[in-house]
Amino acid sequence: MAVALAAAGAALAAGCSASADAAGGGGRSASPSTSSAAPTPSEKPAEPSATQSGKKPAKPTEEPEAEASATKTPTAEPAPEGPEVLMAVGDETEQVRELQARLRAEGVFDRSPTAYYGPITADAVSAFQEDRGLPRTGETDVVTWERLLARTDEPTRDELYPPTSQAMEKPDPRCNEGRVLCVSKRSDTLRWMKDGEVLAAMDVRFGSQYTPTREGVFEVFLKSRHHVSTLYDTPMPYAMFFSGGQAVHYSADFAANGYAGASHGCVNVRDEAKIAKLFGDVRLGDKVVVYG
């Protein structure tokens with residue numbers, strides 16, 4: 001058996017690796033005259049005064065009320081205030097993280113909580129508001145928050161801080177017995193399980209359409225802590241081979257570029273601390289289930 005494993009390890013040295021797939025002018029105005037002719041005492045007024053004519057002076061005509069009011073500038077009434085806004089786009093708080101976890105429980109937010117209130121969170125809030133007959137503002141006001149609290153349970157720590165960035169579906173039934181690396185192409189996740197209990201989980205990515213990752217039930221037959229692919233001359237740290245040259249291993253490219261790239265068939269892990277611990281836990285002969 002040891003001879004067979006050593007031969008397999010030598011044949012698989014090639015392995016697989018990741019691919020990084022006002023100006024105004026005024027004229028001079030005339031100066032006003034500083035002299036005026038003052039009337040002499042002998043000059044008579046042009047018109048007789050009311051006392052001289054014997055008539056009573058007329059009462060001054062009052063301005064109609066309507067005209068007087070028309071000259072006043074109307075005062076705009078303040079718009080009615082809506083419910084107090086608690087969270088909105090641009091906020092980054094732990095309350096936003098709880099909001100996202102509760103929205104996820106309602107099925108309107110399909111990502112892991114990040115604590116950042118961005119457009120995706122705003123869309124999820126709008127969807128929840130529409131479902132509950134509330135104004136679709138995308139902002140979490142007092143009314144929206146109270147409705148959400150009433151409909152959801154307090155999130156658990158795993159719901160607030162999930163181990164993967166992807167939402168994990170129920171594991172394949174083949175993962176529920178024994179020691180298993182349960183690898184899901186549906187959710188891009190790997191779960192390390194023992195007798196149905198999830199001990200660790202991490203994000204993974206797979207091969208491209210030209211170099212697909214094989215699906216099925218396999219076993220870990222070779223572990224290589226400092227493996228380097230001779231075919232691609234690329235490091236494959238913490239490699240755990242399960243099918244030919246395909247292995248679960250850490251990928252610096254995945255860590256740097258995320259899902260923009262792909263592997264040459266291997267299962268790439270981007271969290272080095274997690275795979276380092278996993279590498280120490282996994283034994284030769286442990287089961288590997290890869291499903292889509």
# chains A, B, ... in the order shown; residues from 1 in each chain; ligands from 1
>>> residues_around(residues="segment 137-153 of chain A", least_positions_apart="2", cutoff="6 Å", atoms="only C-alpha atoms", output="MDAnalysis selection string")
chainID A and resid 83:88 122 125:126 135
>>> write_last_selection(atoms="all heavy atoms", output="PDB file, in the first residue's frame")
ATOM      1  N   PRO A  83     -41.452  58.397   9.397  1.00  0.00           N
ATOM      2  CA  PRO A  83     -40.814  57.698  10.511  1.00  0.00           C
ATOM      3  C   PRO A  83     -39.305  57.950  10.527  1.00  0.00           C
ATOM      4  O   PRO A  83     -38.691  58.178   9.489  1.00  0.00           O
ATOM      5  CB  PRO A  83     -41.113  56.217  10.217  1.00  0.00           C
ATOM      6  CG  PRO A  83     -42.256  56.238   9.258  1.00  0.00           C
ATOM      7  CD  PRO A  83     -42.117  57.492   8.462  1.00  0.00           C
ATOM      8  N   GLU A  84     -38.726  57.911  11.694  1.00  0.00           N
ATOM      9  CA  GLU A  84     -37.286  58.138  11.829  1.00  0.00           C
ATOM     10  C   GLU A  84     -36.508  57.041  11.098  1.00  0.00           C
ATOM     11  O   GLU A  84     -36.804  55.853  11.221  1.00  0.00           O
ATOM     12  CB  GLU A  84     -36.908  58.122  13.306  1.00  0.00           C
ATOM     13  CG  GLU A  84     -35.419  58.298  13.560  1.00  0.00           C
ATOM     14  CD  GLU A  84     -35.039  58.090  15.010  1.00  0.00           C
ATOM     15  OE1 GLU A  84     -35.958  57.843  15.821  1.00  0.00           O
ATOM     16  OE2 GLU A  84     -33.832  58.170  15.324  1.00  0.00           O
ATOM     17  N   VAL A  85     -35.510  57.449  10.316  1.00  0.00           N
ATOM     18  CA  VAL A  85     -34.675  56.496   9.590  1.00  0.00           C
ATOM     19  C   VAL A  85     -33.540  56.040  10.505  1.00  0.00           C
ATOM     20  O   VAL A  85     -32.803  56.850  11.055  1.00  0.00           O
ATOM     21  CB  VAL A  85     -34.110  57.122   8.300  1.00  0.00           C
ATOM     22  CG1 VAL A  85     -33.124  56.177   7.626  1.00  0.00           C
ATOM     23  CG2 VAL A  85     -35.246  57.473   7.344  1.00  0.00           C
ATOM     24  N   LEU A  86     -33.423  54.739  10.661  1.00  0.00           N
ATOM     25  CA  LEU A  86     -32.400  54.169  11.521  1.00  0.00           C
ATOM     26  C   LEU A  86     -31.137  53.786  10.757  1.00  0.00           C
ATOM     27  O   LEU A  86     -30.021  53.938  11.245  1.00  0.00           O
ATOM     28  CB  LEU A  86     -32.953  52.928  12.239  1.00  0.00           C
ATOM     29  CG  LEU A  86     -34.198  53.131  13.092  1.00  0.00           C
ATOM     30  CD1 LEU A  86     -34.652  51.801  13.675  1.00  0.00           C
ATOM     31  CD2 LEU A  86     -33.930  54.145  14.204  1.00  0.00           C
ATOM     32  N   MET A  87     -31.318  53.262   9.549  1.00  0.00           N
ATOM     33  CA  MET A  87     -30.188  52.815   8.727  1.00  0.00           C
ATOM     34  C   MET A  87     -30.469  53.108   7.263  1.00  0.00           C
ATOM     35  O   MET A  87     -31.613  53.004   6.813  1.00  0.00           O
ATOM     36  CB  MET A  87     -29.968  51.314   8.912  1.00  0.00           C
ATOM     37  CG  MET A  87     -29.498  50.891  10.280  1.00  0.00           C
ATOM     38  SD  MET A  87     -29.629  49.086  10.531  1.00  0.00           S
ATOM     39  CE  MET A  87     -31.364  48.965  11.052  1.00  0.00           C
ATOM     40  N   ALA A  88     -29.419  53.462   6.524  1.00  0.00           N
ATOM     41  CA  ALA A  88     -29.561  53.775   5.105  1.00  0.00           C
ATOM     42  C   ALA A  88     -28.236  53.512   4.400  1.00  0.00           C
ATOM     43  O   ALA A  88     -27.221  53.193   5.035  1.00  0.00           O
ATOM     44  CB  ALA A  88     -30.017  55.223   4.916  1.00  0.00           C
ATOM     45  N   ALA A 122     -30.260  47.739   0.307  1.00  0.00           N
ATOM     46  CA  ALA A 122     -31.392  48.653   0.064  1.00  0.00           C
ATOM     47  C   ALA A 122     -32.475  47.960  -0.757  1.00  0.00           C
ATOM     48  O   ALA A 122     -33.675  48.111  -0.487  1.00  0.00           O
ATOM     49  CB  ALA A 122     -30.911  49.915  -0.636  1.00  0.00           C
ATOM     50  N   VAL A 125     -34.330  45.572   1.513  1.00  0.00           N
ATOM     51  CA  VAL A 125     -35.253  46.308   2.388  1.00  0.00           C
ATOM     52  C   VAL A 125     -36.497  46.711   1.601  1.00  0.00           C
ATOM     53  O   VAL A 125     -37.626  46.592   2.098  1.00  0.00           O
ATOM     54  CB  VAL A 125     -34.563  47.549   2.989  1.00  0.00           C
ATOM     55  CG1 VAL A 125     -35.580  48.438   3.717  1.00  0.00           C
ATOM     56  CG2 VAL A 125     -33.462  47.125   3.953  1.00  0.00           C
ATOM     57  N   SER A 126     -36.309  47.179   0.368  1.00  0.00           N
ATOM     58  CA  SER A 126     -37.450  47.561  -0.483  1.00  0.00           C
ATOM     59  C   SER A 126     -38.375  46.374  -0.720  1.00  0.00           C
ATOM     60  O   SER A 126     -39.604  46.506  -0.686  1.00  0.00           O
ATOM     61  CB  SER A 126     -36.954  48.110  -1.820  1.00  0.00           C
ATOM     62  OG  SER A 126     -36.294  49.347  -1.651  1.00  0.00           O
ATOM     63  N   PRO A 135     -44.219  51.752   2.451  1.00  0.00           N
ATOM     64  CA  PRO A 135     -43.612  52.536   1.368  1.00  0.00           C
ATOM     65  C   PRO A 135     -42.231  51.986   1.031  1.00  0.00           C
ATOM     66  O   PRO A 135     -41.414  51.743   1.917  1.00  0.00           O
ATOM     67  CB  PRO A 135     -43.524  53.958   1.951  1.00  0.00           C
ATOM     68  CG  PRO A 135     -44.569  53.995   3.017  1.00  0.00           C
ATOM     69  CD  PRO A 135     -44.609  52.618   3.598  1.00  0.00           C
TER      70      PRO A 135
END
>>> closest_atom_pairs(of="segment 101-124 of chain A", to="segment 165-175 of chain A", cutoff="7 Å", atoms="only C-alpha atoms", output="Markdown table")
| residue | atom | partner | partner_atom | distance |
| --- | --- | --- | --- | --- |
| A:Asp110 | CA | A:Ala167 | CA | 6.9 |
| A:Arg111 | CA | A:Ala167 | CA | 6.2 |
| A:Ser112 | CA | A:Ser165 | CA | 5.4 |
>>> closest_residue(among="A:Asn257, A:Gln246, A:Thr234, A:Gln100", to="Gly207 of chain A", atoms="only C-alpha atoms")
A:Gln246
>>> atom_distance(atom1="atom CA of Ala201 of chain A", atom2="atom CA of Ala273 of chain A")
11.9 Å
>>> closest_residue(among="A:Lys274, A:Lys223, A:Arg97, A:Arg179", to="Ala200 of chain A", atoms="only C-alpha atoms")
A:Lys274
>>> atom_distance(atom1="atom CA of Gly178 of chain A", atom2="atom CA of Met240 of chain A")
17.6 Å
